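Worksheet: one structure, shown below.
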Amino acid sequence: MFILQKATDVTADGLAQVYSFPPSGGPVVRANMIASIDGAATAQGRSGALGSDGDHTVFHLQRALADAIVVGAQTAVTEGYGPPVVEPRHAPSRAARGQSAVPLLVLASRSLNLPADFTTARHPDVLIATCSDAPRDARRRLLDAGATVVDCGESSVQPRAVIDELARRGLRHVLCEGGPRFLADLAAAGLLDELALTVSPALVGGDAPRIAHGTAVPARTAGSLPGPMRLRHMLGDAEGYLYQLWERAD
């Protein structure tokens, strides 16, 4: 059971309404992340170790609402990603919105150090976003395995080029699932419109990264907060998890 503002029960339909992408004339980029109450984005090296049944429900719902899922390739390998799937109960609503059966999975990788399992011709719903300076032998290996590889930058993968490529393909509802370095780059480029954050009732300690770790988000003006956001919704469940949805404040 989900509780809106810890007061009102939320049905499955209501949950889908809470997390629906807002109308927009251009791409809407949302990140979906989880963190402990002390700000750790991982436990035992994986974000999945912080999750719960409720978090899994929100995770799969947002995937069902998205046109494309963007994730750093290393995060995809660490978290055991496979080709994208959508739970059967979400299929009718995707069809009604004119979306494909499953969202496109976009793996961002400069090194192209990826197993071919992600990228064979058997899985056409996977795209690899890389850069023109990526290792040629790794590129050839993936292309020979049937991968779709697109350059989105010269010496590194540029988030804006990735979003522009998705917009060119008509994919406007973009869900970023990390990792922390790619999310930091996305936010620093001014491309993050929304953040869906699950707060896990865990105290992790250690040296785990934050959900955005790396490139700093610049402040718009001197003395102002960098990357200001405002809370649109907050839900809670009986296990103590909080489900927050933030939007750009500017």
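As shown in the structure tokens, the chain order sets the letters A, B, ...; within each chain, residues go from 1, and ligands are also counted from 1 in the order they appear.
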Listing only residues of segment 41-94 of chain A within 8 Å of segment 199-211 of chain A, what is the closest atom pair and its distance in Å (to one decimal) for each, using only C-alpha atoms, sorted by chain and residue number ascending, as a tab-separated table?
```
residue	atom	partner	partner_atom	distance
A:Ala41	CA	A:Arg210	CA	5.0
A:Thr42	CA	A:Ala208	CA	5.9
A:Ala43	CA	A:Val204	CA	6.6
A:Gly45	CA	A:Ala208	CA	7.4
A:Leu50	CA	A:Ser200	CA	6.1
A:Gly51	CA	A:Ser200	CA	6.9
```
Do a neighbour search on Ala16 of chain A at 9 Å with only C-alpha atoms, toss out local chain neighbours closer than 2 positions, and write the hits as a PDB file with N, CA, C and O atoms, in the first residue's frame.
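Wrote result.pdb, looks like this:
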```
ATOM      1  N   THR A  11      -4.164   3.989  -5.051  1.00  0.00           N
ATOM      2  CA  THR A  11      -4.400   2.789  -5.832  1.00  0.00           C
ATOM      3  C   THR A  11      -3.343   2.655  -6.918  1.00  0.00           C
ATOM      4  O   THR A  11      -2.544   3.574  -7.152  1.00  0.00           O
ATOM      5  N   ALA A  12      -3.368   1.525  -7.626  1.00  0.00           N
ATOM      6  CA  ALA A  12      -2.429   1.328  -8.729  1.00  0.00           C
ATOM      7  C   ALA A  12      -2.627   2.389  -9.799  1.00  0.00           C
ATOM      8  O   ALA A  12      -1.658   2.939 -10.343  1.00  0.00           O
ATOM      9  N   ASP A  13      -3.888   2.700 -10.118  1.00  0.00           N
ATOM     10  CA  ASP A  13      -4.161   3.742 -11.114  1.00  0.00           C
ATOM     11  C   ASP A  13      -3.684   5.103 -10.618  1.00  0.00           C
ATOM     12  O   ASP A  13      -3.150   5.914 -11.377  1.00  0.00           O
ATOM     13  N   GLY A  14      -3.877   5.350  -9.333  1.00  0.00           N
ATOM     14  CA  GLY A  14      -3.432   6.611  -8.771  1.00  0.00           C
ATOM     15  C   GLY A  14      -1.919   6.738  -8.791  1.00  0.00           C
ATOM     16  O   GLY A  14      -1.381   7.824  -9.026  1.00  0.00           O
ATOM     17  N   VAL A  18       0.373   9.646 -10.494  1.00  0.00           N
ATOM     18  CA  VAL A  18       1.401  10.393  -9.770  1.00  0.00           C
ATOM     19  C   VAL A  18       2.701  10.440 -10.571  1.00  0.00           C
ATOM     20  O   VAL A  18       3.369  11.480 -10.649  1.00  0.00           O
ATOM     21  N   TYR A  19       3.051   9.306 -11.181  1.00  0.00           N
ATOM     22  CA  TYR A  19       4.339   9.210 -11.865  1.00  0.00           C
ATOM     23  C   TYR A  19       4.256   9.446 -13.372  1.00  0.00           C
ATOM     24  O   TYR A  19       5.273   9.314 -14.066  1.00  0.00           O
ATOM     25  N   SER A  20       3.112   9.812 -13.881  1.00  0.00           N
ATOM     26  CA  SER A  20       3.008  10.072 -15.315  1.00  0.00           C
ATOM     27  C   SER A  20       3.901  11.249 -15.697  1.00  0.00           C
ATOM     28  O   SER A  20       4.089  12.189 -14.917  1.00  0.00           O
ATOM     29  N   VAL A  58       7.545   0.849  -8.061  1.00  0.00           N
ATOM     30  CA  VAL A  58       7.745   2.182  -8.640  1.00  0.00           C
ATOM     31  C   VAL A  58       8.747   2.122  -9.796  1.00  0.00           C
ATOM     32  O   VAL A  58       8.562   2.773 -10.837  1.00  0.00           O
ATOM     33  N   LEU A  61       6.974   0.585 -12.806  1.00  0.00           N
ATOM     34  CA  LEU A  61       5.956   1.501 -13.312  1.00  0.00           C
ATOM     35  C   LEU A  61       6.597   2.595 -14.153  1.00  0.00           C
ATOM     36  O   LEU A  61       6.116   2.908 -15.254  1.00  0.00           O
ATOM     37  N   GLN A  62       7.674   3.169 -13.672  1.00  0.00           N
ATOM     38  CA  GLN A  62       8.307   4.256 -14.417  1.00  0.00           C
ATOM     39  C   GLN A  62       8.892   3.759 -15.735  1.00  0.00           C
ATOM     40  O   GLN A  62       8.863   4.467 -16.742  1.00  0.00           O
ATOM     41  N   LEU A  65       6.180   3.685 -18.204  1.00  0.00           N
ATOM     42  CA  LEU A  65       5.745   5.002 -18.660  1.00  0.00           C
ATOM     43  C   LEU A  65       6.734   5.641 -19.633  1.00  0.00           C
ATOM     44  O   LEU A  65       6.399   6.596 -20.320  1.00  0.00           O
TER      45      LEU A  65
END
```
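Interatomic distance, atom CA of Ala35 of chain A against atom CA of Thr198 of chain A: 6.4 Å.
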Shell around Ala216 of chain A at 12 Å using only C-alpha atoms, local window under 2 positions removed, as a compact mmCIF listing (two decimals) with N, CA and C atoms, in the first residue's frame:
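Writing the result to out.txt gives the following:
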```txt
# COMPACT_ATOMS: atom_id res chain seq x y z
N PRO A 180 25.68 7.14 -10.87
CA PRO A 180 25.90 8.46 -10.30
C PRO A 180 26.71 9.42 -11.17
N ARG A 181 27.71 8.92 -11.89
CA ARG A 181 28.52 9.83 -12.71
C ARG A 181 27.74 10.32 -13.92
N PHE A 182 26.99 9.44 -14.56
CA PHE A 182 26.22 9.90 -15.71
C PHE A 182 25.12 10.86 -15.26
N LEU A 183 24.50 10.58 -14.11
CA LEU A 183 23.47 11.49 -13.61
C LEU A 183 24.05 12.86 -13.29
N ALA A 184 25.25 12.89 -12.71
CA ALA A 184 25.89 14.17 -12.42
C ALA A 184 26.14 14.95 -13.71
N ASP A 185 26.61 14.26 -14.74
CA ASP A 185 26.84 14.92 -16.03
C ASP A 185 25.53 15.45 -16.61
N LEU A 186 24.47 14.67 -16.49
CA LEU A 186 23.16 15.07 -17.01
C LEU A 186 22.65 16.32 -16.29
N ALA A 187 22.78 16.32 -14.96
CA ALA A 187 22.31 17.47 -14.18
C ALA A 187 23.16 18.71 -14.46
N ALA A 188 24.49 18.52 -14.57
CA ALA A 188 25.38 19.65 -14.82
C ALA A 188 25.11 20.28 -16.17
N ALA A 189 24.63 19.47 -17.13
CA ALA A 189 24.30 19.99 -18.46
C ALA A 189 22.94 20.69 -18.49
N GLY A 190 22.24 20.73 -17.36
CA GLY A 190 20.94 21.39 -17.29
C GLY A 190 19.82 20.62 -17.95
N ALA A 212 24.25 11.40 -7.37
CA ALA A 212 24.96 12.17 -8.41
C ALA A 212 26.36 12.43 -7.89
N HIS A 213 27.36 11.90 -8.59
CA HIS A 213 28.72 11.91 -8.06
C HIS A 213 29.69 12.17 -9.19
N GLY A 214 30.33 13.33 -9.15
CA GLY A 214 31.27 13.66 -10.22
C GLY A 214 31.18 15.12 -10.57
N PRO A 218 26.41 23.64 -11.67
CA PRO A 218 26.70 25.06 -11.42
C PRO A 218 25.46 25.80 -10.94
N ALA A 219 25.68 26.81 -10.12
CA ALA A 219 24.60 27.71 -9.72
C ALA A 219 24.32 28.68 -10.86
N PRO A 226 22.57 25.60 -6.45
CA PRO A 226 22.75 24.90 -7.73
C PRO A 226 21.63 23.88 -7.93
N GLY A 227 21.13 23.80 -9.16
CA GLY A 227 20.12 22.79 -9.49
C GLY A 227 18.90 22.83 -8.60
```
Which parts of segment 109-223 of chain A does DSSP call strand (DSSP E) when run on the backbone here, written out as a count of residues only?
-> 19
Extract, using only C-alpha atoms, all DNA, RNA and protein residues at most 12 Å from Leu114 of chain A, discarding same-chain residues fewer than 6 positions from it, and format them as JSON, numbers by chain.
-> {"A": [72, 73, 74, 75, 76, 77, 78, 80, 81, 82, 107, 108, 120, 128, 129, 130, 135, 138, 139, 141, 142, 143, 145, 147, 149]}
Which polymer residues have any atom within 9 Å of an atom of Val162 of chain A, counting only C-alpha atoms, with same-chain residues fewer than 6 positions away left out, as a VMD selection string?
-> chain A and resid 70 106 108 129 150 to 153
Just write the chosen residues, N, CA and C atoms, as a JSON list (two decimals), in the first residue's frame.
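What follows is the written file selection00.json:
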```
[["chain", "number", "residue", "atom", "x", "y", "z"],
["A", 70, "VAL", "N", 17.83, 5.34, -20.07],
["A", 70, "VAL", "CA", 19.25, 5.63, -20.28],
["A", 70, "VAL", "C", 20.01, 5.27, -19.00],
["A", 106, "VAL", "N", 19.12, 2.43, -23.52],
["A", 106, "VAL", "CA", 20.30, 3.12, -24.04],
["A", 106, "VAL", "C", 21.42, 2.96, -23.02],
["A", 108, "ALA", "N", 25.12, 4.03, -22.06],
["A", 108, "ALA", "CA", 26.13, 5.05, -22.33],
["A", 108, "ALA", "C", 27.50, 4.51, -21.95],
["A", 129, "ALA", "N", 25.15, 4.22, -26.75],
["A", 129, "ALA", "CA", 25.58, 5.60, -27.01],
["A", 129, "ALA", "C", 27.04, 5.71, -26.59],
["A", 150, "VAL", "N", 25.79, 4.34, -31.61],
["A", 150, "VAL", "CA", 25.64, 5.72, -32.07],
["A", 150, "VAL", "C", 26.63, 6.61, -31.34],
["A", 151, "ASP", "N", 27.35, 7.43, -32.08],
["A", 151, "ASP", "CA", 28.28, 8.38, -31.47],
["A", 151, "ASP", "C", 27.51, 9.59, -30.95],
["A", 152, "CYS", "N", 27.73, 9.90, -29.67],
["A", 152, "CYS", "CA", 27.10, 11.05, -29.02],
["A", 152, "CYS", "C", 28.18, 11.88, -28.33],
["A", 153, "GLY", "N", 29.12, 12.35, -29.11],
["A", 153, "GLY", "CA", 30.24, 13.10, -28.59],
["A", 153, "GLY", "C", 31.54, 12.64, -29.22]]
```
